[in-house]
>>> print(open('target.txt').read())   # compact mmCIF, C-alpha atoms and all ligand atoms
# COMPACT_ATOMS: atom_id res chain seq x y z
CA MET A 17 0.00 0.00 0.00
CA LYS A 18 1.43 3.39 -1.00
CA THR A 19 1.08 5.97 1.77
CA LEU A 20 1.92 9.64 1.46
CA VAL A 21 2.38 11.78 4.57
CA TYR A 22 1.48 15.47 4.36
CA ALA A 23 2.82 17.09 7.53
CA GLY A 24 2.33 20.65 8.67
CA SER A 25 1.22 22.99 11.41
CA PHE A 26 -2.06 23.72 9.63
CA ASP A 27 -2.60 26.84 11.77
CA PRO A 28 -5.19 26.88 10.23
CA ILE A 29 -5.73 24.63 7.20
CA THR A 30 -6.33 26.76 4.07
CA LEU A 31 -7.93 26.15 0.67
CA GLY A 32 -4.37 25.80 -0.66
CA HIS A 33 -3.65 22.90 1.71
CA LEU A 34 -7.00 21.34 0.89
CA ASN A 35 -6.32 21.53 -2.85
CA ILE A 36 -2.99 19.73 -2.36
CA ILE A 37 -4.74 17.08 -0.21
CA GLU A 38 -7.49 16.50 -2.79
CA ARG A 39 -5.05 16.18 -5.69
CA ALA A 40 -2.61 13.97 -3.77
CA SER A 41 -5.40 11.64 -2.62
CA HIS A 42 -5.59 10.38 -6.22
CA LEU A 43 -1.88 9.55 -6.26
CA CYS A 44 -1.76 7.13 -3.34
CA ASP A 45 -3.72 4.45 -1.48
CA GLU A 46 -3.64 6.33 1.81
CA LEU A 47 -2.88 9.96 2.58
CA VAL A 48 -1.96 10.75 6.18
CA VAL A 49 -2.48 14.42 7.01
CA LEU A 50 -0.13 14.86 9.92
CA LEU A 51 -0.59 17.67 12.40
CA SER A 52 2.67 18.90 13.85
CA SER A 53 2.76 20.44 17.32
CA SER A 54 5.97 21.77 18.76
CA LYS A 55 6.36 23.15 22.30
CA ASN A 56 8.65 25.85 20.89
CA LYS A 57 6.06 27.26 18.49
CA ASN A 58 3.15 29.57 19.19
CA TYR A 59 -0.04 28.64 17.41
CA GLN A 60 -3.14 30.77 16.89
CA PHE A 61 -5.40 27.72 17.15
CA THR A 62 -5.20 24.94 19.73
CA ILE A 63 -4.19 21.44 18.71
CA GLU A 64 -7.83 20.32 19.16
CA GLN A 65 -9.12 23.11 16.90
CA ARG A 66 -6.50 22.43 14.23
CA GLN A 67 -7.22 18.70 14.37
CA ASN A 68 -10.99 19.27 14.13
CA PHE A 69 -10.53 21.62 11.17
CA LEU A 70 -8.44 18.96 9.42
CA LYS A 71 -10.92 16.17 10.13
CA GLU A 72 -13.96 18.20 9.12
CA SER A 73 -12.52 19.57 5.92
CA THR A 74 -11.17 16.20 4.71
CA GLU A 75 -14.01 13.91 5.84
CA SER A 76 -15.38 13.52 2.30
CA ILE A 77 -12.05 12.22 0.99
CA LYS A 78 -12.15 8.49 1.69
CA ASN A 79 -8.44 7.65 1.78
CA VAL A 80 -7.39 10.52 4.06
CA ARG A 81 -6.52 9.90 7.70
CA VAL A 82 -5.63 12.64 10.17
CA ASP A 83 -2.89 11.98 12.73
CA SER A 84 -0.72 14.18 14.96
CA PHE A 85 2.84 14.15 16.23
CA GLY A 86 5.41 16.07 18.25
CA GLY A 87 9.15 15.68 17.77
CA LEU A 88 11.00 14.73 14.62
CA LEU A 89 9.13 13.99 11.44
CA ALA A 90 11.80 11.45 10.43
CA ASP A 91 11.12 9.52 13.68
CA TYR A 92 7.37 9.46 13.03
CA MET A 93 7.99 8.17 9.50
CA GLN A 94 10.39 5.47 10.67
CA LYS A 95 8.15 4.34 13.54
CA ASN A 96 5.23 3.89 11.15
CA SER A 97 7.29 2.44 8.28
CA TYR A 98 6.29 5.30 5.98
CA THR A 99 8.82 6.44 3.38
CA CYS A 100 7.25 9.24 1.35
CA LEU A 101 6.52 12.81 2.44
CA LEU A 102 4.29 15.12 0.48
CA ARG A 103 4.87 18.88 0.31
CA GLY A 104 3.15 21.69 -1.56
CA LEU A 105 5.22 24.29 -3.41
CA ARG A 106 3.83 27.76 -4.00
CA GLY A 107 6.95 29.29 -5.53
CA PRO A 108 10.73 29.73 -5.29
CA LYS A 109 10.66 30.77 -1.62
CA ASP A 110 9.03 27.46 -0.69
CA TRP A 111 11.51 25.60 -2.87
CA TYR A 112 14.53 26.78 -0.82
CA LEU A 113 12.87 25.74 2.45
CA GLU A 114 11.75 22.42 1.04
CA GLU A 115 15.18 21.61 -0.32
CA THR A 116 16.72 22.18 3.12
CA MET A 117 14.01 20.09 4.74
CA PHE A 118 14.53 17.32 2.18
CA ILE A 119 18.29 17.22 2.76
CA THR A 120 17.84 17.29 6.56
CA ASN A 121 15.29 14.50 6.51
CA LYS A 122 17.52 12.42 4.21
CA ALA A 123 20.40 12.90 6.65
CA LEU A 124 18.17 11.74 9.52
CA SER A 125 16.64 8.82 7.65
CA GLY A 126 18.24 7.75 4.37
CA ASN A 127 15.17 6.10 2.84
CA LEU A 128 12.86 9.13 3.17
CA GLU A 129 11.63 10.57 -0.12
CA THR A 130 9.76 13.85 -0.65
CA LEU A 131 7.15 14.33 -3.32
CA CYS A 132 6.29 17.97 -4.15
CA LEU A 133 3.07 19.12 -5.78
CA LEU A 134 2.95 22.60 -7.30
CA ALA A 135 0.19 24.79 -5.91
CA SER A 136 -2.65 25.54 -8.30
CA PRO A 137 -2.40 29.18 -9.52
CA LYS A 138 -5.78 29.87 -7.89
CA TYR A 139 -4.35 29.16 -4.42
CA ARG A 140 -0.70 30.15 -4.87
CA HIS A 141 -1.03 33.33 -2.75
CA ILE A 142 -2.72 31.64 0.22
CA SER A 143 -0.85 30.67 3.38
CA SER A 144 -1.77 30.16 7.03
CA SER A 145 0.34 33.23 7.88
CA LEU A 146 -1.67 35.35 5.44
CA VAL A 147 -4.91 34.11 7.00
CA LYS A 148 -3.60 35.03 10.48
CA GLU A 149 -2.60 38.48 9.24
CA LEU A 150 -6.12 39.01 7.89
CA THR A 151 -7.80 37.63 11.02
CA PRO A 152 -8.68 40.97 12.71
CA HIS A 153 -10.28 42.24 9.50
CA LEU A 154 -13.62 41.55 7.96
CA VAL A 155 -12.81 39.64 4.79
CA ASP A 156 -14.55 37.10 2.60
CA TRP A 157 -13.09 34.00 4.29
CA LYS A 158 -14.62 31.68 1.66
CA LYS A 159 -11.77 32.73 -0.64
CA PHE A 160 -9.10 31.53 1.79
CA VAL A 161 -10.25 28.75 4.13
CA PRO A 162 -12.67 25.79 4.27
CA PRO A 163 -16.16 26.42 5.76
CA CYS A 164 -15.35 25.02 9.24
CA VAL A 165 -12.45 27.49 9.64
CA GLU A 166 -14.55 30.29 8.15
CA LYS A 167 -17.21 29.69 10.81
CA CYS A 168 -14.60 29.97 13.58
CA LEU A 169 -12.94 33.09 12.14
CA LYS A 170 -16.27 34.87 11.79
O1 LIG B 201 3.49 24.06 8.67
P1 LIG B 201 4.87 23.83 8.21
O2 LIG B 201 5.80 24.86 8.72
O3 LIG B 201 4.92 23.69 6.71
O4 LIG B 201 5.32 22.43 8.83
C1 LIG B 201 6.61 22.01 8.70
C2 LIG B 201 6.86 20.63 9.34
C3 LIG B 201 5.86 20.30 10.40
C4 LIG B 201 6.79 19.58 8.28
C5 LIG B 201 8.29 20.73 9.90
O5 LIG B 201 8.42 21.84 10.70
C6 LIG B 201 8.70 19.50 10.67
O6 LIG B 201 9.00 18.49 10.10
N1 LIG B 201 8.72 19.63 11.99
C7 LIG B 201 9.13 18.59 12.84
C8 LIG B 201 10.55 18.78 13.32
C9 LIG B 201 11.54 18.14 12.37
O7 LIG B 201 11.42 16.98 12.00
N2 LIG B 201 12.55 18.93 11.95
C10 LIG B 201 13.59 18.48 11.07
C11 LIG B 201 13.17 18.39 9.63
S1 LIG B 201 13.34 19.92 8.82
>>> encode(input="target.txt", output="structure tokens")
Amino acid sequence: MKTLVYAGSFDPITLGHLNIIERASHLCDELVVLLSSSKNKNYQFTIEQRQNFLKESTESIKNVRVDSFGGLLADYMQKNSYTCLLRGLRGPKDWYLEETMFITNKALSGNLETLCLLASPKYRHISSSLVKELTPHLVDWKKFVPPCVEKCLK
């Protein structure tokens, strides 16, 4: 069974993430959407909220499973015998970060591969940071986030 693991903070999940999840779900048997929580990071949404957003917005995609982890991604992958990470690329800035992450993960666990999907032009500008920046303002959330997040932001 081919499993892809799409890890992130998802603080919160955006339409860009969701588009990557939907497209990747056709490329594998199982897609694990993995919620990362680090003690050293400050999140706008709690782990429960972020997990609920992920579950609610992906519930219609049959081969998606939501899981969470703390610590090293390479350890999670090894422990679960998964070998392929999925990342979304919005542009050159993402590429530099992803390359570093790829090399680091390879150094930690030699058999880890990373599959990158290019963001659809429609969602290329969307990020969780942008959503957080817009949070105090009254904007049309439908353009940025799935309905469950929209409800919470409103
Ligand atoms: O939401 P993000 O910033 O895209 O998530 C990045 C994530 C969670 C994949 C990355 O920060 C991560 O792997 N964190 C776990 C710590 C780790 O394994 N670090 C070394 C690999 S770069």
>>> residues_around(input="target.txt", residues="A:Ala135", least_positions_apart="2", cutoff="8 Å", atoms="all atoms listed in the file", output="JSON, numbers by chain")
{"A": [32, 35, 36, 104, 105, 106, 133, 137, 139, 140]}
>>> residues_near_ligand(input="target.txt", ligand="ligand LIG 201 (chain B)", cutoff="6 Å", atoms="only C-alpha atoms and all ligand atoms", output="list in words")
Ala23, Gly24, Ser25, Phe26, Ser52, Gly87, Leu88, Leu89, Ala90, Met117, Thr120 and Asn121 of chain A
>>> residues_near_point(input="target.txt", point="(-6.9, 31.0, 2.8)", cutoff="9 Å", atoms="all atoms listed in the file", output="PyMOL selection string")
chain A and resi 28-33+139+141-144+146-147+157-162
>>> atom_distance(input="target.txt", atom1="atom CA of A:Thr130", atom2="atom CA of A:Arg103")
7.1 Å
>>> atom_distance(input="target.txt", atom1="atom CA of A:Tyr59", atom2="atom CA of A:Ser97")
28.7 Å
>>> residues_around(input="target.txt", residues="A:Cys100", least_positions_apart="2", cutoff="6 Å", atoms="all atoms listed in the file", output="PyMOL selection string")
chain A and resi 20+128-130
>>> atom_distance(input="target.txt", atom1="atom CA of A:Lys109", atom2="atom CA of A:Met93")
25.3 Å
>>> residues_around(input="target.txt", residues="stretch 61-77 of chain A", least_positions_apart="4", cutoff="8 Å", atoms="only C-alpha atoms", output="short mmCIF file (atom, residue, chain, number, x, y, z; two decimals) with C-alpha atoms, in the coordinates of the input")
data_model
loop_
_atom_site.label_atom_id
_atom_site.label_comp_id
_atom_site.auth_asym_id
_atom_site.auth_seq_id
_atom_site.Cartn_x
_atom_site.Cartn_y
_atom_site.Cartn_z
CA PHE A 26 -2.06 23.72 9.63
CA ASP A 27 -2.60 26.84 11.77
CA PRO A 28 -5.19 26.88 10.23
CA ILE A 29 -5.73 24.63 7.20
CA LEU A 34 -7.00 21.34 0.89
CA GLU A 38 -7.49 16.50 -2.79
CA SER A 41 -5.40 11.64 -2.62
CA VAL A 49 -2.48 14.42 7.01
CA LEU A 51 -0.59 17.67 12.40
CA SER A 53 2.76 20.44 17.32
CA VAL A 82 -5.63 12.64 10.17
CA SER A 84 -0.72 14.18 14.96
CA PRO A 162 -12.67 25.79 4.27
CA PRO A 163 -16.16 26.42 5.76
CA CYS A 164 -15.35 25.02 9.24
CA VAL A 165 -12.45 27.49 9.64
#
>>> closest_residue(input="target.txt", among="A:Asp91, A:Asn79, A:Asn127, A:Gly86", to="A:Ser54", atoms="only C-alpha atoms")
A:Gly86
>>> decode(input="target.txt", residues="stretch 27-38 of chain A", atoms="all heavy atoms", output="CSV table (one decimal), in the first residue's frame")
chain,number,residue,atom,x,y,z
A,27,ASP,N,-2.1,25.9,10.8
A,27,ASP,CA,-2.6,26.8,11.8
A,27,ASP,C,-3.2,28.1,11.1
A,27,ASP,O,-2.5,29.2,11.2
A,27,ASP,CB,-1.4,27.2,12.7
A,27,ASP,CG,-1.8,28.0,13.9
A,27,ASP,OD1,-2.9,27.8,14.4
A,27,ASP,OD2,-1.0,28.9,14.2
A,28,PRO,N,-4.3,28.0,10.4
A,28,PRO,CA,-5.2,26.9,10.2
A,28,PRO,C,-5.0,26.3,8.8
A,28,PRO,O,-4.3,26.9,8.0
A,28,PRO,CB,-6.6,27.5,10.3
A,28,PRO,CG,-6.3,28.9,9.6
A,28,PRO,CD,-4.9,29.3,10.0
A,29,ILE,N,-5.7,25.2,8.6
A,29,ILE,CA,-5.7,24.6,7.2
A,29,ILE,C,-6.4,25.7,6.3
A,29,ILE,O,-7.3,26.4,6.7
A,29,ILE,CB,-6.5,23.3,7.1
A,29,ILE,CG1,-6.4,22.7,5.7
A,29,ILE,CG2,-7.9,23.4,7.6
A,29,ILE,CD1,-7.0,21.3,5.6
A,30,THR,N,-5.8,25.8,5.1
A,30,THR,CA,-6.3,26.8,4.1
A,30,THR,C,-6.9,26.0,2.9
A,30,THR,O,-6.7,24.8,2.7
A,30,THR,CB,-5.2,27.7,3.6
A,30,THR,OG1,-4.3,26.9,2.8
A,30,THR,CG2,-4.5,28.4,4.7
A,31,LEU,N,-7.5,26.8,1.9
A,31,LEU,CA,-7.9,26.2,0.7
A,31,LEU,C,-6.7,25.6,-0.1
A,31,LEU,O,-6.9,24.7,-0.9
A,31,LEU,CB,-8.7,27.2,-0.2
A,31,LEU,CG,-10.1,27.6,0.4
A,31,LEU,CD1,-10.8,28.5,-0.6
A,31,LEU,CD2,-11.0,26.4,0.7
A,32,GLY,N,-5.6,26.3,0.0
A,32,GLY,CA,-4.4,25.8,-0.7
A,32,GLY,C,-4.0,24.4,-0.2
A,32,GLY,O,-3.7,23.5,-1.0
A,33,HIS,N,-3.9,24.2,1.2
A,33,HIS,CA,-3.7,22.9,1.7
A,33,HIS,C,-4.7,21.9,1.2
A,33,HIS,O,-4.3,20.8,0.8
A,33,HIS,CB,-3.8,22.9,3.3
A,33,HIS,CG,-2.7,23.7,4.0
A,33,HIS,ND1,-3.1,24.6,4.9
A,33,HIS,CD2,-1.4,23.7,3.9
A,33,HIS,CE1,-2.0,25.2,5.4
A,33,HIS,NE2,-0.9,24.6,4.8
A,34,LEU,N,-5.9,22.3,1.2
A,34,LEU,CA,-7.0,21.3,0.9
A,34,LEU,C,-6.9,20.9,-0.6
A,34,LEU,O,-7.1,19.8,-0.9
A,34,LEU,CB,-8.4,22.0,1.2
A,34,LEU,CG,-9.5,21.1,1.3
A,34,LEU,CD1,-9.3,20.0,2.3
A,34,LEU,CD2,-10.8,21.9,1.7
A,35,ASN,N,-6.5,21.8,-1.4
A,35,ASN,CA,-6.3,21.5,-2.8
A,35,ASN,C,-5.2,20.5,-3.0
A,35,ASN,O,-5.3,19.6,-3.8
A,35,ASN,CB,-6.0,22.8,-3.6
A,35,ASN,CG,-5.8,22.6,-5.1
A,35,ASN,OD1,-4.7,22.6,-5.6
A,35,ASN,ND2,-6.9,22.3,-5.8
A,36,ILE,N,-4.1,20.7,-2.3
A,36,ILE,CA,-3.0,19.7,-2.4
A,36,ILE,C,-3.5,18.4,-1.9
A,36,ILE,O,-3.2,17.3,-2.5
A,36,ILE,CB,-1.8,20.2,-1.5
A,36,ILE,CG1,-1.2,21.5,-2.0
A,36,ILE,CG2,-0.7,19.1,-1.3
A,36,ILE,CD1,-0.3,21.4,-3.3
A,37,ILE,N,-4.2,18.3,-0.8
A,37,ILE,CA,-4.7,17.1,-0.2
A,37,ILE,C,-5.6,16.4,-1.2
A,37,ILE,O,-5.5,15.2,-1.5
A,37,ILE,CB,-5.5,17.4,1.1
A,37,ILE,CG1,-4.5,17.8,2.2
A,37,ILE,CG2,-6.3,16.1,1.6
A,37,ILE,CD1,-5.2,18.4,3.5
A,38,GLU,N,-6.6,17.1,-1.8
A,38,GLU,CA,-7.5,16.5,-2.8
A,38,GLU,C,-6.7,15.9,-4.0
A,38,GLU,O,-7.0,14.8,-4.4
A,38,GLU,CB,-8.5,17.5,-3.3
A,38,GLU,CG,-9.7,17.7,-2.4
A,38,GLU,CD,-10.5,18.9,-2.6
A,38,GLU,OE1,-10.1,19.8,-3.5
A,38,GLU,OE2,-11.5,19.1,-1.9
